Amino acid sequence: MRVLIDECLPKQLRGWISRYFDTSTVQDMGWEGVKNGKLLRAANDAGFDALVTADKNMHYQQNFDGLQISAVVIPTNRRRLVQKCISALRQSLENLEPGQKVVMDLGMDANAWEAMRLHAIERDAQHTTHVFKASGVGR
């Protein structure tokens, strides 16, 4: 799976997930400052499977019609917290469908994010939510 990391996220994210996915950053591709609609199309045309972003409005503002690329919205762009959600991000990426808009719901307790497991996948007209719970909770 080819994953593009949005410029709003810490550059370290590439290293944290590159052992699992073929990963590039927006900066690697020379697409700094390219707005979301054009960025999605450029990434789609370049063969990326997913865009990882912290832009919580991406799924409302962008038209994904005709695109194969998916978008995964993580709950933060703060480096320390992004690092805590790597396991959950990996699970979200592994459960993507082409053209899907996914919002990750990790709950409010960032201290528990490292132990989160995908618990449910909820779909509505706008997007899909990956709901996570701490290991052993609700199972």
# chains A, B, ... in the order shown; residues from 1 in each chain; ligands from 1
>>> select_by_dssp(residues="range 19-97 of chain A", states="helix (DSSP H, G or I)", output="list in words")
Asn36, Gly37, Lys38, Leu39, Leu40, Arg41, Ala42, Ala43, Asn44, Asp45, Met58, His59, Tyr60, Gln61, Arg79, Arg80, Leu81, Val82, Gln83, Lys84, Ile86, Ser87, Ala88, Leu89, Arg90, Gln91, Ser92, Leu93 and Glu94 of chain A
>>> write_last_selection(atoms="N, CA and C atoms", output="compact mmCIF listing (two decimals), in the first residue's frame")
# COMPACT_ATOMS: atom_id res chain seq x y z
N ASN A 36 -6.09 20.77 -0.78
CA ASN A 36 -6.59 19.41 -0.64
C ASN A 36 -7.20 18.79 -1.90
N GLY A 37 -8.04 19.52 -2.63
CA GLY A 37 -8.66 18.95 -3.83
C GLY A 37 -7.63 18.58 -4.87
N LYS A 38 -6.72 19.49 -5.15
CA LYS A 38 -5.66 19.22 -6.12
C LYS A 38 -4.69 18.17 -5.59
N LEU A 39 -4.43 18.22 -4.29
CA LEU A 39 -3.53 17.23 -3.67
C LEU A 39 -4.11 15.82 -3.80
N LEU A 40 -5.39 15.66 -3.52
CA LEU A 40 -6.03 14.35 -3.66
C LEU A 40 -5.92 13.82 -5.08
N ARG A 41 -6.18 14.67 -6.04
CA ARG A 41 -6.11 14.24 -7.44
C ARG A 41 -4.68 13.91 -7.86
N ALA A 42 -3.72 14.73 -7.44
CA ALA A 42 -2.31 14.45 -7.77
C ALA A 42 -1.86 13.14 -7.14
N ALA A 43 -2.24 12.92 -5.88
CA ALA A 43 -1.86 11.69 -5.19
C ALA A 43 -2.53 10.48 -5.83
N ASN A 44 -3.79 10.62 -6.18
CA ASN A 44 -4.51 9.55 -6.85
C ASN A 44 -3.85 9.22 -8.19
N ASP A 45 -3.53 10.24 -8.96
CA ASP A 45 -2.90 10.04 -10.27
C ASP A 45 -1.51 9.43 -10.14
N MET A 58 -11.75 17.33 5.87
CA MET A 58 -11.43 16.79 4.54
C MET A 58 -12.62 16.07 3.92
N HIS A 59 -13.29 15.21 4.68
CA HIS A 59 -14.37 14.41 4.12
C HIS A 59 -15.61 15.22 3.79
N TYR A 60 -15.76 16.40 4.40
CA TYR A 60 -16.89 17.27 4.08
C TYR A 60 -16.58 18.20 2.92
N GLN A 61 -15.33 18.64 2.82
CA GLN A 61 -14.96 19.67 1.86
C GLN A 61 -14.54 19.13 0.50
N ARG A 79 3.07 15.89 17.50
CA ARG A 79 4.01 14.80 17.30
C ARG A 79 3.91 13.71 18.37
N ARG A 80 3.92 14.10 19.63
CA ARG A 80 3.87 13.13 20.73
C ARG A 80 2.60 12.29 20.68
N LEU A 81 1.48 12.91 20.34
CA LEU A 81 0.21 12.19 20.28
C LEU A 81 0.08 11.37 19.00
N VAL A 82 0.60 11.88 17.90
CA VAL A 82 0.59 11.10 16.65
C VAL A 82 1.36 9.79 16.87
N GLN A 83 2.48 9.87 17.56
CA GLN A 83 3.27 8.67 17.81
C GLN A 83 2.48 7.65 18.62
N LYS A 84 1.63 8.11 19.52
CA LYS A 84 0.82 7.20 20.34
C LYS A 84 -0.26 6.48 19.54
N ILE A 86 0.07 5.27 16.37
CA ILE A 86 0.64 4.53 15.23
C ILE A 86 -0.02 3.16 15.06
N SER A 87 -0.20 2.42 16.12
CA SER A 87 -0.82 1.10 16.01
C SER A 87 -2.24 1.21 15.46
N ALA A 88 -2.99 2.18 15.96
CA ALA A 88 -4.36 2.37 15.47
C ALA A 88 -4.36 2.82 14.01
N LEU A 89 -3.45 3.70 13.65
CA LEU A 89 -3.35 4.15 12.26
C LEU A 89 -3.06 2.96 11.34
N ARG A 90 -2.17 2.13 11.76
CA ARG A 90 -1.85 0.93 10.96
C ARG A 90 -3.11 0.09 10.75
N GLN A 91 -3.90 -0.10 11.81
CA GLN A 91 -5.13 -0.88 11.69
C GLN A 91 -6.12 -0.22 10.74
N SER A 92 -6.24 1.10 10.81
CA SER A 92 -7.13 1.81 9.90
C SER A 92 -6.68 1.64 8.46
N LEU A 93 -5.40 1.81 8.21
CA LEU A 93 -4.88 1.67 6.85
C LEU A 93 -5.10 0.25 6.32
N GLU A 94 -4.95 -0.74 7.18
CA GLU A 94 -5.13 -2.13 6.76
C GLU A 94 -6.59 -2.48 6.49
>>> closest_atom_pairs(of="range 2-109 of chain A", to="range 113-134 of chain A", cutoff="6 Å", atoms="only C-alpha atoms", output="tab-separated table")
residue	atom	partner	partner_atom	distance
A:Lys84	CA	A:Glu114	CA	5.0
A:Cys85	CA	A:Trp113	CA	5.5
A:Lys101	CA	A:His127	CA	5.0
A:Val102	CA	A:Thr128	CA	4.7
A:Val103	CA	A:Thr129	CA	4.8
A:Met104	CA	A:His130	CA	5.0
A:Asp105	CA	A:Val131	CA	4.9
A:Leu106	CA	A:Phe132	CA	5.2
>>> write_last_selection(atoms="N, CA and C atoms", output="PDB file, in the first residue's frame")
ATOM      1  N   LYS A  84       1.628   8.114  19.525  1.00  0.00           N
ATOM      2  CA  LYS A  84       0.821   7.202  20.338  1.00  0.00           C
ATOM      3  C   LYS A  84      -0.258   6.478  19.537  1.00  0.00           C
ATOM      4  N   CYS A  85      -0.637   7.021  18.383  1.00  0.00           N
ATOM      5  CA  CYS A  85      -1.720   6.389  17.630  1.00  0.00           C
ATOM      6  C   CYS A  85      -1.213   5.591  16.420  1.00  0.00           C
ATOM      7  N   LYS A 101     -13.416   7.534   2.969  1.00  0.00           N
ATOM      8  CA  LYS A 101     -13.047   8.655   3.829  1.00  0.00           C
ATOM      9  C   LYS A 101     -13.227   8.181   5.266  1.00  0.00           C
ATOM     10  N   VAL A 102     -12.107   8.011   5.977  1.00  0.00           N
ATOM     11  CA  VAL A 102     -12.143   7.431   7.315  1.00  0.00           C
ATOM     12  C   VAL A 102     -11.717   8.452   8.361  1.00  0.00           C
ATOM     13  N   VAL A 103     -12.482   8.530   9.429  1.00  0.00           N
ATOM     14  CA  VAL A 103     -12.132   9.311  10.601  1.00  0.00           C
ATOM     15  C   VAL A 103     -11.841   8.318  11.720  1.00  0.00           C
ATOM     16  N   MET A 104     -10.683   8.476  12.357  1.00  0.00           N
ATOM     17  CA  MET A 104     -10.318   7.597  13.464  1.00  0.00           C
ATOM     18  C   MET A 104     -10.858   8.170  14.772  1.00  0.00           C
ATOM     19  N   ASP A 105     -11.621   7.363  15.510  1.00  0.00           N
ATOM     20  CA  ASP A 105     -12.144   7.749  16.817  1.00  0.00           C
ATOM     21  C   ASP A 105     -11.396   6.952  17.879  1.00  0.00           C
ATOM     22  N   LEU A 106     -10.442   7.627  18.526  1.00  0.00           N
ATOM     23  CA  LEU A 106      -9.624   6.979  19.558  1.00  0.00           C
ATOM     24  C   LEU A 106     -10.068   7.348  20.968  1.00  0.00           C
TER      25      LEU A 106
END
>>> closest_residue(among="A:Gln100, A:Ile5, A:Pro75, A:Ala110", to="Glu32 in chain A", atoms="only C-alpha atoms")
A:Ile5
>>> atom_distance(atom1="CA of Ala71 in chain A", atom2="CA of Asn57 in chain A")
11.2 Å
>>> closest_residue(among="A:Asp22, A:Asp109, A:Leu13, A:Cys8", to="Lys56 in chain A", atoms="only C-alpha atoms")
A:Cys8
>>> select_by_dssp(residues="chain A", states="strand (DSSP E or B)", output="number ranges by chain")
A: 2-5, 22-25, 50-53, 70-73, 101-105, 116-123, 128-134
>>> write_last_selection(atoms="N, CA and C atoms", output="short mmCIF file (atom, residue, chain, number, x, y, z; two decimals), in the first residue's frame")
data_model
loop_
_atom_site.label_atom_id
_atom_site.label_comp_id
_atom_site.auth_asym_id
_atom_site.auth_seq_id
_atom_site.Cartn_x
_atom_site.Cartn_y
_atom_site.Cartn_z
N ARG A 2 0.56 2.18 -0.88
CA ARG A 2 1.28 3.46 -0.94
C ARG A 2 0.52 4.50 -0.14
N VAL A 3 1.22 5.12 0.82
CA VAL A 3 0.61 6.07 1.73
C VAL A 3 1.31 7.43 1.60
N LEU A 4 0.51 8.47 1.45
CA LEU A 4 1.01 9.84 1.41
C LEU A 4 0.67 10.52 2.73
N ILE A 5 1.66 11.15 3.34
CA ILE A 5 1.47 11.85 4.61
C ILE A 5 1.34 13.34 4.34
N ASP A 22 4.60 1.57 1.96
CA ASP A 22 5.42 2.39 1.08
C ASP A 22 4.98 3.83 1.31
N THR A 23 5.78 4.62 2.00
CA THR A 23 5.34 5.90 2.54
C THR A 23 6.14 7.07 1.97
N SER A 24 5.44 8.13 1.61
CA SER A 24 6.05 9.38 1.17
C SER A 24 5.33 10.52 1.87
N THR A 25 6.00 11.66 1.94
CA THR A 25 5.36 12.86 2.47
C THR A 25 5.02 13.79 1.31
N ALA A 50 -3.64 5.88 -0.14
CA ALA A 50 -4.21 6.59 1.01
C ALA A 50 -3.45 7.87 1.28
N LEU A 51 -4.21 8.87 1.74
CA LEU A 51 -3.65 10.11 2.26
C LEU A 51 -3.95 10.12 3.75
N VAL A 52 -2.92 10.30 4.57
CA VAL A 52 -3.10 10.43 6.01
C VAL A 52 -3.01 11.91 6.34
N THR A 53 -4.00 12.42 7.05
CA THR A 53 -4.08 13.84 7.36
C THR A 53 -4.68 14.04 8.76
N SER A 70 -7.95 6.81 -0.80
CA SER A 70 -8.72 6.97 0.43
C SER A 70 -8.04 8.02 1.30
N ALA A 71 -8.76 8.54 2.27
CA ALA A 71 -8.20 9.49 3.23
C ALA A 71 -8.46 8.97 4.63
N VAL A 72 -7.44 9.05 5.48
CA VAL A 72 -7.58 8.67 6.88
C VAL A 72 -7.26 9.92 7.70
N VAL A 73 -8.22 10.32 8.54
CA VAL A 73 -8.06 11.49 9.39
C VAL A 73 -7.71 11.02 10.80
N LYS A 101 -13.42 7.53 2.97
CA LYS A 101 -13.05 8.65 3.83
C LYS A 101 -13.23 8.18 5.27
N VAL A 102 -12.11 8.01 5.98
CA VAL A 102 -12.14 7.43 7.31
C VAL A 102 -11.72 8.45 8.36
N VAL A 103 -12.48 8.53 9.43
CA VAL A 103 -12.13 9.31 10.60
C VAL A 103 -11.84 8.32 11.72
N MET A 104 -10.68 8.48 12.36
CA MET A 104 -10.32 7.60 13.46
C MET A 104 -10.86 8.17 14.77
N ASP A 105 -11.62 7.36 15.51
CA ASP A 105 -12.14 7.75 16.82
C ASP A 105 -11.40 6.95 17.88
N MET A 116 -4.87 0.77 21.74
CA MET A 116 -6.16 0.71 21.06
C MET A 116 -6.20 -0.37 19.98
N ARG A 117 -7.38 -0.98 19.88
CA ARG A 117 -7.65 -1.96 18.83
C ARG A 117 -8.94 -1.56 18.13
N LEU A 118 -8.99 -1.81 16.84
CA LEU A 118 -10.19 -1.49 16.08
C LEU A 118 -11.36 -2.30 16.63
N HIS A 119 -12.41 -1.60 17.04
CA HIS A 119 -13.55 -2.24 17.69
C HIS A 119 -14.77 -2.30 16.76
N ALA A 120 -14.98 -1.22 16.00
CA ALA A 120 -16.16 -1.17 15.13
C ALA A 120 -15.88 -0.25 13.94
N ILE A 121 -16.58 -0.53 12.86
CA ILE A 121 -16.53 0.33 11.67
C ILE A 121 -17.95 0.81 11.42
N GLU A 122 -18.13 2.14 11.54
CA GLU A 122 -19.45 2.74 11.38
C GLU A 122 -19.46 3.59 10.11
N ARG A 123 -20.49 3.42 9.30
CA ARG A 123 -20.59 4.15 8.04
C ARG A 123 -21.79 5.08 8.06
N THR A 128 -16.66 7.18 6.90
CA THR A 128 -16.62 5.98 7.73
C THR A 128 -15.82 6.31 8.99
N THR A 129 -16.28 5.83 10.12
CA THR A 129 -15.56 6.04 11.37
C THR A 129 -15.00 4.70 11.85
N HIS A 130 -13.69 4.69 12.12
CA HIS A 130 -13.06 3.53 12.75
C HIS A 130 -13.05 3.83 14.24
N VAL A 131 -13.81 3.04 14.99
CA VAL A 131 -13.94 3.24 16.44
C VAL A 131 -12.99 2.28 17.13
N PHE A 132 -12.15 2.84 17.99
CA PHE A 132 -11.13 2.05 18.70
C PHE A 132 -11.46 1.99 20.18
N LYS A 133 -11.07 0.88 20.80
CA LYS A 133 -11.16 0.72 22.24
C LYS A 133 -9.85 0.13 22.72
N ALA A 134 -9.54 0.38 23.97
CA ALA A 134 -8.31 -0.18 24.55
C ALA A 134 -8.41 -1.71 24.55
#
>>> closest_residue(among="A:Gln68, A:Ser135, A:Thr76, A:Gln27", to="Asp6 in chain A", atoms="only C-alpha atoms")
A:Gln27
>>> atom_distance(atom1="CA of Met108 in chain A", atom2="CA of Ala54 in chain A")
15.7 Å
>>> atom_distance(atom1="CA of Gly99 in chain A", atom2="CA of Asp49 in chain A")
8.5 Å
>>> closest_residue(among="A:Leu9, A:Leu96, A:Ile74, A:Met1", to="Phe21 in chain A", atoms="only C-alpha atoms")
A:Met1
>>> closest_residue(among="A:Pro10, A:Asn63, A:Ile69, A:Arg78", to="Gly47 in chain A", atoms="only C-alpha atoms")
A:Ile69
